[in-house]
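Have a look at my_file33.cif; it's mmCIF, N, CA and C atoms and all ligand atoms:
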```cif
data_run
loop_
_atom_site.label_atom_id
_atom_site.label_comp_id
_atom_site.auth_asym_id
_atom_site.auth_seq_id
_atom_site.Cartn_x
_atom_site.Cartn_y
_atom_site.Cartn_z
N MET A 912 163.24 -379.94 12.85
CA MET A 912 162.73 -378.70 12.31
C MET A 912 161.83 -378.01 13.33
N GLY A 913 162.05 -376.77 13.53
CA GLY A 913 161.19 -376.02 14.42
C GLY A 913 159.97 -375.56 13.66
N GLY A 914 158.83 -375.96 14.17
CA GLY A 914 157.62 -375.63 13.44
C GLY A 914 156.88 -374.44 14.00
N ALA A 915 157.53 -373.67 14.82
CA ALA A 915 156.84 -372.55 15.43
C ALA A 915 156.65 -371.42 14.42
N TYR A 916 155.48 -370.94 14.40
CA TYR A 916 155.24 -369.78 13.54
C TYR A 916 154.30 -368.80 14.23
N CYS A 917 154.32 -367.60 13.78
CA CYS A 917 153.54 -366.56 14.41
C CYS A 917 152.36 -366.21 13.52
N ASN A 918 151.21 -366.31 14.10
CA ASN A 918 150.01 -366.02 13.31
C ASN A 918 149.10 -365.09 14.09
N ARG A 919 149.67 -363.98 14.51
CA ARG A 919 148.88 -363.07 15.32
C ARG A 919 147.94 -362.22 14.46
N VAL A 920 146.77 -362.08 14.97
CA VAL A 920 145.81 -361.23 14.27
C VAL A 920 146.02 -359.79 14.70
N ASN A 921 146.13 -358.94 13.74
CA ASN A 921 146.28 -357.51 14.04
C ASN A 921 144.92 -356.97 14.46
N SER A 922 144.77 -356.74 15.75
CA SER A 922 143.47 -356.29 16.23
C SER A 922 143.40 -354.77 16.34
N MET A 923 143.58 -354.25 17.52
CA MET A 923 143.43 -352.82 17.70
C MET A 923 144.75 -352.07 17.47
N THR A 924 145.84 -352.75 17.68
CA THR A 924 147.13 -352.07 17.60
C THR A 924 147.56 -351.91 16.14
N ASN A 925 148.04 -350.73 15.85
CA ASN A 925 148.49 -350.43 14.50
C ASN A 925 149.67 -349.48 14.62
N PRO A 926 150.82 -350.00 14.99
CA PRO A 926 151.94 -349.18 15.46
C PRO A 926 152.41 -348.12 14.47
N SER A 927 152.58 -348.46 13.22
CA SER A 927 153.12 -347.48 12.29
C SER A 927 152.30 -347.48 11.01
N GLN A 928 151.59 -346.40 10.82
CA GLN A 928 150.77 -346.28 9.63
C GLN A 928 151.50 -345.47 8.58
N GLU A 929 151.77 -346.08 7.47
CA GLU A 929 152.43 -345.36 6.39
C GLU A 929 151.53 -345.34 5.17
N GLN A 930 151.27 -344.12 4.69
CA GLN A 930 150.43 -343.97 3.51
C GLN A 930 151.16 -343.09 2.50
N THR A 931 150.99 -343.41 1.26
CA THR A 931 151.53 -342.56 0.21
C THR A 931 150.39 -342.06 -0.65
N CYS A 932 150.36 -340.75 -0.83
CA CYS A 932 149.31 -340.18 -1.65
C CYS A 932 149.66 -340.36 -3.12
N PRO A 933 148.83 -341.07 -3.86
CA PRO A 933 149.15 -341.32 -5.28
C PRO A 933 149.03 -340.05 -6.12
N VAL A 934 148.33 -339.06 -5.59
CA VAL A 934 148.15 -337.81 -6.33
C VAL A 934 149.31 -336.86 -6.07
N CYS A 935 149.62 -336.69 -4.80
CA CYS A 935 150.62 -335.70 -4.40
C CYS A 935 152.02 -336.30 -4.33
N GLY A 936 152.11 -337.59 -4.18
CA GLY A 936 153.41 -338.25 -4.16
C GLY A 936 154.16 -338.12 -2.85
N VAL A 937 153.47 -337.69 -1.78
CA VAL A 937 154.13 -337.57 -0.49
C VAL A 937 153.77 -338.77 0.38
N THR A 938 154.59 -339.00 1.39
CA THR A 938 154.36 -340.11 2.30
C THR A 938 153.95 -339.56 3.66
N ILE A 939 152.91 -340.15 4.24
CA ILE A 939 152.46 -339.77 5.58
C ILE A 939 152.71 -340.94 6.50
N ILE A 940 153.55 -340.73 7.50
CA ILE A 940 153.87 -341.77 8.47
C ILE A 940 153.40 -341.31 9.83
N ASP A 941 152.43 -342.02 10.40
CA ASP A 941 151.88 -341.65 11.71
C ASP A 941 151.51 -340.17 11.77
N ASP A 942 150.83 -339.70 10.74
CA ASP A 942 150.35 -338.32 10.66
C ASP A 942 151.46 -337.29 10.49
N VAL A 943 152.68 -337.75 10.24
CA VAL A 943 153.76 -336.83 9.91
C VAL A 943 154.02 -336.93 8.41
N VAL A 944 153.94 -335.79 7.75
CA VAL A 944 154.08 -335.78 6.30
C VAL A 944 155.55 -335.65 5.92
N GLN A 945 155.97 -336.55 5.07
CA GLN A 945 157.35 -336.51 4.57
C GLN A 945 157.34 -335.96 3.15
N PHE A 946 157.78 -334.72 3.01
CA PHE A 946 157.78 -334.11 1.69
C PHE A 946 158.93 -334.64 0.85
N SER A 947 158.78 -334.50 -0.46
CA SER A 947 159.78 -335.07 -1.37
C SER A 947 161.12 -334.37 -1.26
N ASN A 948 161.12 -333.15 -0.73
CA ASN A 948 162.39 -332.43 -0.59
C ASN A 948 163.09 -332.74 0.73
N GLY A 949 162.50 -333.65 1.52
CA GLY A 949 163.14 -334.09 2.74
C GLY A 949 162.60 -333.45 4.00
N SER A 950 161.83 -332.39 3.87
CA SER A 950 161.29 -331.74 5.06
C SER A 950 160.04 -332.46 5.54
N LYS A 951 159.69 -332.20 6.79
CA LYS A 951 158.52 -332.83 7.36
C LYS A 951 157.49 -331.78 7.74
N GLY A 952 156.24 -332.20 7.79
CA GLY A 952 155.20 -331.25 8.15
C GLY A 952 153.95 -331.99 8.59
N THR A 953 152.91 -331.23 8.77
CA THR A 953 151.63 -331.79 9.20
C THR A 953 150.73 -332.03 7.99
N ARG A 954 149.65 -332.75 8.24
CA ARG A 954 148.65 -332.93 7.19
C ARG A 954 148.10 -331.59 6.72
N ALA A 955 147.96 -330.67 7.67
CA ALA A 955 147.45 -329.35 7.32
C ALA A 955 148.39 -328.65 6.34
N ARG A 956 149.66 -328.76 6.60
CA ARG A 956 150.63 -328.13 5.72
C ARG A 956 150.62 -328.78 4.34
N LEU A 957 150.53 -330.09 4.35
CA LEU A 957 150.45 -330.81 3.07
C LEU A 957 149.22 -330.36 2.29
N TYR A 958 148.12 -330.25 3.01
CA TYR A 958 146.88 -329.84 2.34
C TYR A 958 147.02 -328.43 1.78
N ALA A 959 147.61 -327.55 2.59
CA ALA A 959 147.73 -326.15 2.19
C ALA A 959 148.62 -325.99 0.96
N ARG A 960 149.64 -326.82 0.88
CA ARG A 960 150.64 -326.63 -0.17
C ARG A 960 150.37 -327.48 -1.40
N VAL A 961 149.70 -328.61 -1.20
CA VAL A 961 149.57 -329.54 -2.32
C VAL A 961 148.13 -329.98 -2.56
N CYS A 962 147.55 -330.60 -1.54
CA CYS A 962 146.30 -331.32 -1.76
C CYS A 962 145.13 -330.43 -2.13
N GLN A 963 145.12 -329.21 -1.63
CA GLN A 963 144.00 -328.34 -1.97
C GLN A 963 143.99 -328.02 -3.46
N TYR A 964 145.13 -328.12 -4.08
CA TYR A 964 145.19 -327.87 -5.52
C TYR A 964 144.90 -329.13 -6.32
N ALA A 965 145.20 -330.26 -5.72
CA ALA A 965 144.97 -331.53 -6.42
C ALA A 965 143.47 -331.79 -6.59
N GLN A 966 142.75 -331.77 -5.45
CA GLN A 966 141.30 -331.95 -5.46
C GLN A 966 140.86 -333.14 -6.29
N LYS A 967 141.49 -334.25 -6.02
CA LYS A 967 141.08 -335.49 -6.67
C LYS A 967 140.65 -336.49 -5.60
N PRO A 968 139.67 -337.32 -5.91
CA PRO A 968 139.20 -338.27 -4.91
C PRO A 968 140.28 -339.27 -4.50
N GLU A 969 141.28 -339.46 -5.35
CA GLU A 969 142.34 -340.41 -5.01
C GLU A 969 143.26 -339.87 -3.94
N CYS A 970 143.23 -338.56 -3.74
CA CYS A 970 144.11 -337.94 -2.75
C CYS A 970 143.71 -338.41 -1.35
N ILE A 971 144.69 -338.87 -0.58
CA ILE A 971 144.39 -339.44 0.74
C ILE A 971 144.30 -338.37 1.80
N ASN A 972 144.58 -337.14 1.45
CA ASN A 972 144.61 -336.07 2.45
C ASN A 972 143.51 -335.04 2.18
N GLN A 973 142.30 -335.52 2.08
CA GLN A 973 141.17 -334.62 1.84
C GLN A 973 140.18 -334.64 3.00
N ASP A 974 140.51 -335.39 4.06
CA ASP A 974 139.60 -335.51 5.19
C ASP A 974 139.85 -334.39 6.19
N LYS A 975 138.92 -333.47 6.26
CA LYS A 975 139.08 -332.31 7.14
C LYS A 975 139.28 -332.73 8.60
N ALA A 976 138.66 -333.84 8.99
CA ALA A 976 138.79 -334.30 10.36
C ALA A 976 140.23 -334.70 10.68
N LEU A 977 140.93 -335.23 9.68
CA LEU A 977 142.32 -335.63 9.87
C LEU A 977 143.26 -334.45 9.68
N ILE A 978 142.90 -333.59 8.76
CA ILE A 978 143.78 -332.46 8.45
C ILE A 978 143.82 -331.48 9.61
N GLY A 979 142.64 -331.24 10.19
CA GLY A 979 142.58 -330.32 11.31
C GLY A 979 142.64 -328.88 10.83
N GLU A 980 143.09 -328.01 11.72
CA GLU A 980 143.11 -326.59 11.40
C GLU A 980 144.33 -326.23 10.57
N VAL A 981 144.08 -325.56 9.47
CA VAL A 981 145.18 -325.10 8.62
C VAL A 981 145.53 -323.68 9.00
N LEU A 982 146.75 -323.47 9.42
CA LEU A 982 147.17 -322.15 9.86
C LEU A 982 147.73 -321.35 8.69
N GLN A 983 147.74 -320.04 8.86
CA GLN A 983 148.28 -319.19 7.79
C GLN A 983 149.74 -319.51 7.52
N GLU A 984 150.45 -319.87 8.58
CA GLU A 984 151.87 -320.18 8.41
C GLU A 984 152.08 -321.45 7.59
N ASP A 985 151.00 -322.21 7.42
CA ASP A 985 151.09 -323.39 6.57
C ASP A 985 151.00 -323.01 5.09
N GLY A 986 150.78 -321.75 4.84
CA GLY A 986 150.76 -321.28 3.47
C GLY A 986 149.40 -321.30 2.85
N PHE A 987 148.40 -321.16 3.69
CA PHE A 987 147.03 -321.30 3.21
C PHE A 987 146.20 -320.15 3.73
N MET A 988 145.64 -319.37 2.86
CA MET A 988 144.69 -318.35 3.27
C MET A 988 143.30 -318.95 3.27
N GLU A 989 142.56 -318.62 4.31
CA GLU A 989 141.23 -319.20 4.46
C GLU A 989 140.37 -318.98 3.20
N ALA A 990 139.88 -320.06 2.67
CA ALA A 990 139.06 -319.98 1.47
C ALA A 990 137.60 -319.74 1.86
N PRO A 991 136.86 -319.11 1.01
CA PRO A 991 135.43 -318.92 1.31
C PRO A 991 134.72 -320.27 1.37
N PRO A 992 133.68 -320.34 2.20
CA PRO A 992 132.96 -321.61 2.31
C PRO A 992 132.36 -322.04 0.98
N ILE A 993 132.43 -323.32 0.75
CA ILE A 993 131.93 -323.85 -0.53
C ILE A 993 130.58 -324.47 -0.30
N ASN A 994 129.62 -324.06 -1.10
CA ASN A 994 128.27 -324.62 -1.03
C ASN A 994 128.14 -325.76 -2.02
N PHE A 995 127.91 -326.95 -1.49
CA PHE A 995 127.81 -328.10 -2.38
C PHE A 995 126.39 -328.32 -2.88
N GLY A 996 125.53 -327.35 -2.62
CA GLY A 996 124.19 -327.40 -3.19
C GLY A 996 123.25 -328.36 -2.52
N GLN A 997 123.40 -328.48 -1.19
CA GLN A 997 122.50 -329.40 -0.50
C GLN A 997 121.28 -328.67 0.02
ZN ZN A 1001 147.28 -335.57 -1.57
#
```

Can I see the file as structure tokens?
Amino acid sequence: MGGAYCNRVNSMTNPSQEQTCPVCGVTIIDDVVQFSNGSKGTRARLYARVCQYAQKPECINQDKALIGEVLQEDGFMEAPPINFGQ
């Protein structure tokens, strides 16, 4: 019997990150959004079309740092700044 087994610790490398938003139902693979209709887009586009309306903490696409700049062509008109009362 060959007793060789692989027990590598996943350190810094993370080759393929796949996330599914439980709110929006879309899959994000390596920052590429896979829409349910088969088309692909960016996090910004996903946010513009779906996540900005969801506005739930469970949504995985609410991080502005990851979303980046949302362009008008993504279907999003710039919203007025929101004051969170700080
Ligand atoms: Zn979402």

May I ask which of the residues A:Cys932, A:Phe946, A:Ser927, A:Arg954 is the closest one to A:Val981, counting only N, CA and C atoms?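 So, comparing all the options, the nearest one is A:Arg954.
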
Could you give me, as a ChimeraX atom specification, each residue of stretch 924-997 of chain A that DSSP assigns to strand (DSSP E) when run on this structure's backbone? /A:929-931,938-940,943-945,951-952

So which residues are near ligand ZN 1001 (chain A), meaning at most 6.5 Å away with all atoms listed in the file counted, given back as a compact mmCIF listing (two decimals) with N, CA and C atoms, keeping the file's coordinate frame?
```txt
# COMPACT_ATOMS: atom_id res chain seq x y z
N CYS A 932 150.36 -340.75 -0.83
CA CYS A 932 149.31 -340.18 -1.65
C CYS A 932 149.66 -340.36 -3.12
N PRO A 933 148.83 -341.07 -3.86
CA PRO A 933 149.15 -341.32 -5.28
C PRO A 933 149.03 -340.05 -6.12
N VAL A 934 148.33 -339.06 -5.59
CA VAL A 934 148.15 -337.81 -6.33
C VAL A 934 149.31 -336.86 -6.07
N CYS A 935 149.62 -336.69 -4.80
CA CYS A 935 150.62 -335.70 -4.40
C CYS A 935 152.02 -336.30 -4.33
N GLY A 936 152.11 -337.59 -4.18
CA GLY A 936 153.41 -338.25 -4.16
C GLY A 936 154.16 -338.12 -2.85
N VAL A 961 149.70 -328.61 -1.20
CA VAL A 961 149.57 -329.54 -2.32
C VAL A 961 148.13 -329.98 -2.56
N CYS A 962 147.55 -330.60 -1.54
CA CYS A 962 146.30 -331.32 -1.76
C CYS A 962 145.13 -330.43 -2.13
N GLU A 969 141.28 -339.46 -5.35
CA GLU A 969 142.34 -340.41 -5.01
C GLU A 969 143.26 -339.87 -3.94
N CYS A 970 143.23 -338.56 -3.74
CA CYS A 970 144.11 -337.94 -2.75
C CYS A 970 143.71 -338.41 -1.35
N ILE A 971 144.69 -338.87 -0.58
CA ILE A 971 144.39 -339.44 0.74
C ILE A 971 144.30 -338.37 1.80
N ASN A 972 144.58 -337.14 1.45
CA ASN A 972 144.61 -336.07 2.45
C ASN A 972 143.51 -335.04 2.18
N GLN A 973 142.30 -335.52 2.08
CA GLN A 973 141.17 -334.62 1.84
C GLN A 973 140.18 -334.64 3.00
```

DSSP on the backbone: which residues in stretch 945-992 of chain A end up as helix (DSSP H, G or I)? Give the answer as JSON, numbers by chain. {"A": [954, 955, 956, 957, 958, 959, 960, 961, 962, 963, 964, 965, 975, 976, 977, 978, 983, 984, 985]}

Could you work out how far atom N of A:Arg956 lies from atom C of A:Ile978, giving the answer in Å with one decimal?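 Atom N of A:Arg956 lies 7.1 Å from atom C of A:Ile978.
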
In file coordinates, which residues lie within 5 Å of (155.1, -343.8, 5.7) using only N, CA and C atoms, given as a list in words?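 Returned residue set, sorted by chain then number, is Gln928, Glu929, Gln930, Thr938, Ile939 and Ile940 of chain A.
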
Residues from the last selection, N, CA and C atoms, saved as a PDB file, in the frame of the given file:
```
ATOM      1  N   GLN A 928     151.590-346.400  10.820  1.00  0.00           N
ATOM      2  CA  GLN A 928     150.770-346.280   9.630  1.00  0.00           C
ATOM      3  C   GLN A 928     151.500-345.470   8.580  1.00  0.00           C
ATOM      4  N   GLU A 929     151.770-346.080   7.470  1.00  0.00           N
ATOM      5  CA  GLU A 929     152.430-345.360   6.390  1.00  0.00           C
ATOM      6  C   GLU A 929     151.530-345.340   5.170  1.00  0.00           C
ATOM      7  N   GLN A 930     151.270-344.120   4.690  1.00  0.00           N
ATOM      8  CA  GLN A 930     150.430-343.970   3.510  1.00  0.00           C
ATOM      9  C   GLN A 930     151.160-343.090   2.500  1.00  0.00           C
ATOM     10  N   THR A 938     154.590-339.000   1.390  1.00  0.00           N
ATOM     11  CA  THR A 938     154.360-340.110   2.300  1.00  0.00           C
ATOM     12  C   THR A 938     153.950-339.560   3.660  1.00  0.00           C
ATOM     13  N   ILE A 939     152.910-340.150   4.240  1.00  0.00           N
ATOM     14  CA  ILE A 939     152.460-339.770   5.580  1.00  0.00           C
ATOM     15  C   ILE A 939     152.710-340.940   6.500  1.00  0.00           C
ATOM     16  N   ILE A 940     153.550-340.730   7.500  1.00  0.00           N
ATOM     17  CA  ILE A 940     153.870-341.770   8.470  1.00  0.00           C
ATOM     18  C   ILE A 940     153.400-341.310   9.830  1.00  0.00           C
TER      19      ILE A 940
END
```

Report, in Å with one decimal, the straight-line distance from atom CA of A:Val937 to atom C of A:Asp985.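 Answer for the atom CA of A:Val937 to atom C of A:Asp985 separation: 15.9 Å.
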
Could you please determine the separation between atom CA of A:Ala959 and atom CA of A:Thr931 in Å, to one decimal place? 17.0 Å

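Checking A:Gly996, A:Gly979, A:Gly986, A:Pro926 one by one against A:Ala955, counting only C-alpha atoms, you find the shortest gap at A:Gly979.
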